[in-house]
file protein24.txt (compact mmCIF, C-alpha atoms (C1' of nucleotides))
# COMPACT_ATOMS: atom_id res chain seq x y z
CA MET A 109 4.30 258.93 44.25
CA HIS A 110 7.90 258.27 45.25
CA SER A 111 9.07 255.61 47.63
CA PRO A 112 8.44 257.62 50.74
CA GLU A 113 11.61 256.62 52.60
CA LEU A 114 13.73 258.79 50.36
CA LEU A 115 11.74 261.79 51.40
CA LYS A 116 12.84 261.36 54.98
CA GLY A 117 15.03 264.17 56.15
CA THR A 118 14.04 266.44 53.28
CA LEU A 119 10.89 267.95 54.73
CA GLN A 120 12.52 270.88 56.49
CA THR A 121 14.59 271.59 53.41
CA ILE A 122 11.50 271.62 51.22
CA VAL A 123 9.50 273.84 53.56
CA LEU A 124 12.31 276.33 54.03
CA LYS A 125 13.13 276.59 50.33
CA VAL A 126 9.52 276.91 49.20
CA LEU A 127 9.01 279.68 51.73
CA GLN A 128 12.17 281.36 50.54
CA ASP A 129 10.99 281.30 46.94
CA HIS A 130 7.35 282.19 47.47
CA GLY A 131 7.38 284.40 50.56
CA LYS A 132 4.42 284.41 52.96
CA MET A 133 2.50 281.13 52.79
CA TYR A 134 0.10 279.09 54.87
CA GLY A 135 0.27 275.38 55.57
CA TYR A 136 -2.25 274.10 53.10
CA GLU A 137 -0.79 276.35 50.43
CA ILE A 138 2.62 274.79 50.98
CA THR A 139 1.25 271.29 50.42
CA GLN A 140 -0.37 272.42 47.17
CA ARG A 141 2.70 274.26 45.91
CA VAL A 142 4.91 271.25 46.56
CA LYS A 143 2.36 269.01 44.91
CA ASP A 144 2.39 271.24 41.82
CA LEU A 145 6.15 271.70 41.65
CA SER A 146 6.65 267.95 41.99
CA ASP A 147 3.99 267.07 39.45
CA ASN A 148 1.96 265.21 42.10
CA ARG A 149 4.91 263.12 43.21
CA ILE A 150 5.49 264.71 46.60
CA LEU A 151 2.36 264.87 48.71
CA LEU A 152 3.13 266.38 52.10
CA THR A 153 0.95 264.93 54.82
CA GLU A 154 -0.52 267.21 57.42
CA GLY A 155 0.72 264.99 60.23
CA ALA A 156 4.26 265.74 59.11
CA LEU A 157 3.88 269.32 57.93
CA TYR A 158 2.22 271.02 60.88
CA PRO A 159 4.57 269.64 63.54
CA THR A 160 7.47 270.72 61.33
CA LEU A 161 6.13 274.24 60.93
CA HIS A 162 5.58 274.51 64.68
CA LYS A 163 9.05 273.26 65.36
CA LEU A 164 10.66 275.70 62.94
CA GLU A 165 8.65 278.50 64.48
CA ALA A 166 9.68 277.49 68.00
CA GLU A 167 13.30 277.61 66.85
CA GLY A 168 12.88 281.15 65.54
CA LEU A 169 13.26 280.25 61.87
CA LEU A 170 9.71 281.17 60.95
CA LYS A 171 7.37 283.86 62.16
CA THR A 172 3.60 283.65 61.92
CA GLU A 173 0.66 285.88 61.24
CA THR A 174 -2.91 284.71 61.71
CA VAL A 175 -5.53 286.01 59.31
CA ASN A 176 -9.28 285.48 59.27
CA ILE A 177 -10.70 284.62 55.87
CA GLY A 178 -14.42 284.85 56.46
CA ARG A 179 -14.83 282.59 59.47
CA ARG A 180 -11.88 280.42 58.53
CA VAL A 181 -8.45 280.89 60.06
CA ARG A 182 -5.25 280.99 58.08
CA LYS A 183 -1.82 280.98 59.61
CA TYR A 184 0.79 282.55 57.40
CA TYR A 185 4.44 281.67 57.78
CA THR A 186 7.41 283.79 56.76
CA LEU A 187 11.13 283.11 57.08
CA THR A 188 13.04 285.10 59.67
CA ALA A 189 16.59 286.25 58.91
CA THR A 190 17.91 283.10 60.57
CA GLY A 191 15.41 281.07 58.61
CA LYS A 192 16.68 282.53 55.35
CA SER A 193 20.24 281.56 55.99
CA LEU A 194 19.21 278.10 57.13
CA ALA A 195 17.21 277.69 53.94
CA LYS A 196 20.32 278.37 51.89
CA GLU A 197 22.41 276.09 54.01
CA ARG A 198 19.94 273.23 53.79
CA VAL A 199 19.67 273.45 50.03
CA HIS A 200 23.43 273.59 49.74
CA ASP A 201 23.76 270.55 51.99
CA PHE A 202 21.23 268.69 49.93
CA VAL A 203 22.98 269.41 46.63
CA ASP A 204 26.23 268.37 48.24
CA PHE A 205 24.69 265.15 49.43
CA ILE A 206 23.44 264.40 45.94
CA LYS A 207 26.92 264.88 44.52
CA THR A 208 28.25 262.38 47.01
CA MET A 209 25.47 259.93 46.20
CA ALA A 210 26.19 260.32 42.49
CA ALA A 211 29.77 259.28 43.16
CA VAL A 212 28.77 256.29 45.23
CA LEU A 213 26.04 255.12 42.88
CA GLN A 214 28.08 255.99 39.79
CA VAL A 215 25.29 257.86 38.11
CA ARG A 216 24.73 261.27 36.59
CA MET A 217 21.93 263.28 38.19
CA ALA A 218 21.52 265.77 35.36
CA MET B 4 30.13 263.89 57.16
CA HIS B 5 26.70 264.64 55.84
CA SER B 6 23.70 265.48 57.93
CA PRO B 7 22.67 261.91 58.56
CA GLU B 8 18.94 262.41 58.08
CA LEU B 9 19.38 262.75 54.35
CA LEU B 10 20.90 259.32 54.25
CA LYS B 11 17.68 257.76 55.47
CA GLY B 12 16.14 255.48 52.96
CA THR B 13 19.27 255.29 50.84
CA LEU B 14 21.05 252.45 52.59
CA GLN B 15 19.50 249.60 50.62
CA THR B 16 20.08 251.47 47.40
CA ILE B 17 23.74 252.01 48.25
CA VAL B 18 24.34 248.40 49.25
CA LEU B 19 22.61 246.97 46.21
CA LYS B 20 24.39 249.25 43.75
CA VAL B 21 27.85 248.78 45.25
CA LEU B 22 27.35 245.02 45.10
CA GLN B 23 26.20 245.32 41.52
CA ASP B 24 29.30 247.26 40.56
CA HIS B 25 31.87 245.32 42.51
CA GLY B 26 30.48 241.80 42.66
CA LYS B 27 31.17 239.57 45.66
CA MET B 28 31.85 241.63 48.78
CA TYR B 29 31.78 241.24 52.54
CA GLY B 30 30.26 243.64 55.04
CA TYR B 31 33.33 245.43 56.21
CA GLU B 32 34.52 245.79 52.63
CA ILE B 33 31.26 247.50 51.72
CA THR B 34 31.71 250.10 54.45
CA GLN B 35 35.22 250.83 53.19
CA ARG B 36 34.22 251.02 49.55
CA VAL B 37 31.41 253.43 50.34
CA LYS B 38 33.74 255.46 52.50
CA ASP B 39 36.23 255.70 49.62
CA LEU B 40 33.68 256.42 46.91
CA SER B 41 32.12 259.14 49.05
CA ASP B 42 35.46 260.67 50.03
CA ASN B 43 34.83 259.90 53.71
CA ARG B 44 31.44 261.54 53.70
CA ILE B 45 29.29 258.44 54.01
CA LEU B 46 30.31 256.21 56.87
CA LEU B 47 28.04 253.21 57.11
CA THR B 48 27.63 252.03 60.65
CA GLU B 49 27.66 248.34 61.42
CA GLY B 50 24.44 248.60 63.38
CA ALA B 51 22.70 249.68 60.19
CA LEU B 52 24.61 247.64 57.65
CA TYR B 53 24.42 244.14 59.04
CA PRO B 54 20.68 244.12 59.71
CA THR B 55 20.19 245.43 56.19
CA LEU B 56 22.32 242.70 54.67
CA HIS B 57 20.46 240.06 56.66
CA LYS B 58 17.15 241.47 55.59
CA LEU B 59 18.10 241.56 51.92
CA GLU B 60 19.34 238.00 52.21
CA ALA B 61 16.12 236.86 53.87
CA GLU B 62 14.22 238.41 50.99
CA GLY B 63 16.24 236.48 48.47
CA LEU B 64 18.04 239.48 47.02
CA LEU B 65 21.46 238.45 48.21
CA LYS B 66 23.12 235.11 48.62
CA THR B 67 26.01 234.42 50.97
CA GLU B 68 29.16 232.41 51.13
CA THR B 69 31.19 232.08 54.29
CA VAL B 70 34.97 231.90 53.96
CA ASN B 71 37.61 231.36 56.61
CA ILE B 72 40.57 233.71 56.38
CA GLY B 73 43.01 232.20 58.84
CA ARG B 74 40.84 231.88 61.93
CA ARG B 75 38.68 234.84 60.99
CA VAL B 76 35.34 234.48 59.27
CA ARG B 77 34.25 236.46 56.28
CA LYS B 78 30.76 236.43 54.87
CA TYR B 79 30.62 237.29 51.21
CA TYR B 80 27.46 238.65 49.65
CA THR B 81 26.43 238.47 46.01
CA LEU B 82 23.34 239.74 44.26
CA THR B 83 20.82 237.16 43.10
CA ALA B 84 18.97 237.70 39.83
CA THR B 85 16.14 239.35 41.74
CA GLY B 86 18.68 241.43 43.59
CA LYS B 87 20.17 242.66 40.34
CA SER B 88 16.88 243.92 39.01
CA LEU B 89 16.03 245.52 42.33
CA ALA B 90 19.40 247.28 42.29
CA LYS B 91 18.57 248.82 38.94
CA GLU B 92 15.11 249.76 40.08
CA ARG B 93 16.33 251.38 43.25
CA VAL B 94 18.93 253.47 41.46
CA HIS B 95 16.37 254.50 38.91
CA ASP B 96 13.94 255.48 41.65
CA PHE B 97 16.61 257.49 43.37
CA VAL B 98 17.55 259.42 40.25
CA ASP B 99 13.89 260.04 39.64
CA PHE B 100 13.45 261.32 43.16
CA ILE B 101 16.37 263.70 42.69
CA LYS B 102 14.82 265.10 39.54
CA THR B 103 11.64 265.79 41.45
CA MET B 104 13.55 267.40 44.28
CA ALA B 105 15.44 269.57 41.80
CA ALA B 106 12.11 270.85 40.52
CA VAL B 107 10.78 271.56 43.99
CA LEU B 108 13.97 273.17 45.26
CA GLN B 109 14.62 274.94 41.96
CA VAL B 110 18.21 273.86 41.73
CA ARG B 111 20.45 272.09 39.28
CA MET B 112 22.01 268.89 40.55
CA ALA B 113 24.78 268.69 37.97
C1' DG C 71 51.96 244.33 75.49
C1' DT C 72 48.95 247.85 73.76
C1' DC C 73 46.53 250.25 70.17
C1' DT C 74 44.32 250.27 65.84
C1' DA C 75 42.22 247.92 62.23
C1' DT C 76 39.62 244.02 60.75
C1' DG C 77 35.31 241.35 61.04
C1' DC C 78 30.98 239.66 62.63
C1' DA C 79 26.58 240.50 65.33
C1' DT C 80 22.50 242.15 68.31
C1' DA C 81 19.85 245.30 71.46
C1' DA C 82 18.19 249.71 73.29
C1' DG C 83 16.83 254.06 72.23
C1' DA C 84 16.01 258.24 69.32
C1' DC C 85 13.62 260.44 65.77
C1' DA C 86 10.96 261.48 61.77
C1' DA C 87 7.26 260.43 59.24
C1' DT C 88 2.77 257.73 58.31
C1' DT C 89 -1.66 256.76 59.57
C1' DA C 90 -5.60 257.80 62.08
C1' DT C 91 -8.46 260.91 64.12
C1' DG C 92 -10.70 265.28 65.27
C1' DT C 93 -12.87 269.89 64.35
C1' DA C 94 -14.79 273.29 61.31
C1' DT C 95 -15.80 276.21 56.98
C1' DT C 96 -16.92 276.78 52.10
C1' DA C 97 -17.72 275.91 47.21
C1' DG C 98 -19.86 273.31 43.80
C1' DA C 99 -22.55 269.46 41.96
C1' DC C 100 -27.01 267.52 41.44
C1' DG D 261 -31.52 272.37 49.68
C1' DT D 262 -28.36 268.50 50.44
C1' DC D 263 -24.24 265.99 49.83
C1' DT D 264 -19.43 265.75 48.61
C1' DA D 265 -14.95 267.44 48.00
C1' DA D 266 -11.86 270.86 48.98
C1' DT D 267 -10.07 274.01 52.29
C1' DA D 268 -7.71 274.64 56.82
C1' DC D 269 -6.07 273.81 61.18
C1' DA D 270 -4.26 270.35 64.78
C1' DT D 271 -2.67 266.23 67.72
C1' DA D 272 -1.89 261.21 69.06
C1' DA D 273 -0.60 256.43 68.25
C1' DT D 274 2.16 253.67 65.69
C1' DT D 275 5.73 252.32 62.55
C1' DG D 276 10.20 252.01 60.66
C1' DT D 277 14.92 253.15 60.04
C1' DC D 278 18.83 254.47 61.83
C1' DT D 279 22.29 255.74 65.70
C1' DT D 280 24.46 254.52 69.67
C1' DA D 281 26.00 251.10 72.66
C1' DT D 282 27.64 246.76 73.51
C1' DG D 283 29.72 242.28 72.71
C1' DC D 284 33.09 238.94 70.88
C1' DA D 285 37.34 237.77 68.42
C1' DT D 286 41.75 237.99 65.26
C1' DA D 287 45.81 240.41 63.32
C1' DG D 288 49.39 243.63 62.63
C1' DA D 289 52.24 247.65 63.94
C1' DC D 290 55.21 249.83 67.15
call {"tool": "encode", "arguments": {"input": "protein24.txt", "output": "C-alpha cells"}}
result
Amino acid sequence: MHSPELLKGTLQTIVLKVLQDHGKMYGYEITQRVKDLSDNRILLTEGALYPTLHKLEAEGLLKTETVNIGRRVRKYYTLTATGKSLAKERVHDFVDFIKTMAAVLQVRMA
Amino acid sequence: MHSPELLKGTLQTIVLKVLQDHGKMYGYEITQRVKDLSDNRILLTEGALYPTLHKLEAEGLLKTETVNIGRRVRKYYTLTATGKSLAKERVHDFVDFIKTMAAVLQVRMA
DNA sequence: GTCTATGCATAAGACAATTATGTATTAGAC
DNA sequence: GTCTAATACATAATTGTCTTATGCATAGAC
C-alpha cells in the first residue's frame, strides 16, 4: 500500500477515468477494479468512495441506475457527457502535474 | 498553477529533494527554486512551508543555522544523514506511486 | 515616500480522506 | 446447518494537510 497522502486529490480522477474506460459500474466494482489495476496498492475506502460518487452525481457528472440483484441492491454509475469531458481534463491535468513534479524532483517517471 | 489538491502530500518530498540537490537553503529560497524549476506552476505558500520545515527539523531530518544578512535574519536548512535517506525514500515512493497511477489511469507519464 | 520584493512566523478555517460504525444479503467452508 | 468472508450500500466523527489571513520587519527601485 502506498503512503496514503499522495493519493489525496486523485480520487475523483481515478473514479472518472475508470468509469470512462469500463463504462457502467457500481461502487464495489470500482474498488475491485482499482485494486486489480494497481496490483493491490490502491485500496479505495468506502468512506471516501461513496461520498465522492454522490458528489459527482449531484454535479451532473454521473448518472445512476439502480438494479436489484436477487434481494441485493446495486447502483450503477455512468458518465454523462459533461462527466466524459471532465474525465479527460482530469487525466490531462494529472499527467501535466507529473511532468512538473518530474522537473522539480529531477527524476524520470518512465 | 496546478489544481492544488494534487499537490497534497508532496510538500515534504519536494522540500527534502530540493535540499538534497541544492544543499544549504533558506525558506524563501526554497519557494523561489521550486517556482523556477516548476516554471511558475508550483508556488509554495509560506503558511505551508514554514510549518513543514519546523516539523522536519523537530524530527531531526533538517538542521538549521541562523545567519544575519545586514539586519535581516536568514535561517538556513541542511539535510541531516537521516534527512538524506528520507529524501531518497520519499522520491522513490513518489515515483512508485506514479507508476501505479499510470497503470490505473492507463496513461504514459513520459 | 511608496510599492514590490525579501524574509520570518503563527492562527483560523476549509476540505478531503481515514477510521469507525451501521445495515443487510449471499456464497462457501467445515 | 452454522460461521465466516465477501458483497453492497451508506453516514458520522475525527484527523491531517493545506489555504487563507494576518503579523512583523528590512531593502531596493522609481
call {"tool": "closest_residue", "arguments": {"input": "protein24.txt", "among": "A:Thr153, A:Ser193, A:Thr186, A:Thr208", "to": "chain C", "atoms": "all atoms listed in the file"}}
result
A:Thr153
call {"tool": "interface_residues", "arguments": {"input": "protein24.txt", "of": "chain C", "to": "chain B", "cutoff": "10 Å", "atoms": "all atoms listed in the file", "output": "PyMOL selection string"}}
result
chain C and resi 76-81+85-86
call {"tool": "write_last_selection", "arguments": {"input": "protein24.txt", "atoms": "C-alpha atoms (C1' of nucleotides)", "output": "PDB file, keeping the file's coordinate frame"}}
result
ATOM      1  C1'  DT C  76      39.620 244.020  60.750  1.00  0.00           C
ATOM      2  C1'  DG C  77      35.310 241.350  61.040  1.00  0.00           C
ATOM      3  C1'  DC C  78      30.980 239.660  62.630  1.00  0.00           C
ATOM      4  C1'  DA C  79      26.580 240.500  65.330  1.00  0.00           C
ATOM      5  C1'  DT C  80      22.500 242.150  68.310  1.00  0.00           C
ATOM      6  C1'  DA C  81      19.850 245.300  71.460  1.00  0.00           C
ATOM      7  C1'  DC C  85      13.620 260.440  65.770  1.00  0.00           C
ATOM      8  C1'  DA C  86      10.960 261.480  61.770  1.00  0.00           C
TER       9       DA C  86
END
call {"tool": "atom_distance", "arguments": {"input": "protein24.txt", "atom1": "C1' of DT264 in chain D", "atom2": "CA of Asn176 in chain A"}}
result
24.6 Å
call {"tool": "residues_around", "arguments": {"input": "protein24.txt", "residues": "Leu89 in chain B", "least_positions_apart": "3", "cutoff": "8 Å", "atoms": "all atoms listed in the file", "output": "PyMOL selection string"}}
result
chain B and resi 19+64+85-86+92-93
call {"tool": "write_last_selection", "arguments": {"input": "protein24.txt", "atoms": "C-alpha atoms", "output": "compact mmCIF listing (two decimals), in the frame of the given file"}}
result
# COMPACT_ATOMS: atom_id res chain seq x y z
CA LEU B 19 22.61 246.97 46.21
CA LEU B 64 18.04 239.48 47.02
CA THR B 85 16.14 239.35 41.74
CA GLY B 86 18.68 241.43 43.59
CA GLU B 92 15.11 249.76 40.08
CA ARG B 93 16.33 251.38 43.25
call {"tool": "interface_residues", "arguments": {"input": "protein24.txt", "of": "chain D", "to": "chain B", "cutoff": "9 Å", "atoms": "only C-alpha atoms (C1' of nucleotides)", "output": "list in words"}}
result
DT277, DC278, DT279, DT280, DA285 and DT286 of chain D
call {"tool": "atom_distance", "arguments": {"input": "protein24.txt", "atom1": "CA of Leu164 in chain A", "atom2": "CA of Thr121 in chain A"}}
result
11.1 Å
call {"tool": "residues_around", "arguments": {"input": "protein24.txt", "residues": "Asp96 in chain B", "least_positions_apart": "3", "cutoff": "10 Å", "atoms": "only C-alpha atoms (C1' of nucleotides)", "output": "PyMOL selection string"}}
result
(chain A and resi 110-111+114) or (chain B and resi 16+90-93+99-102)
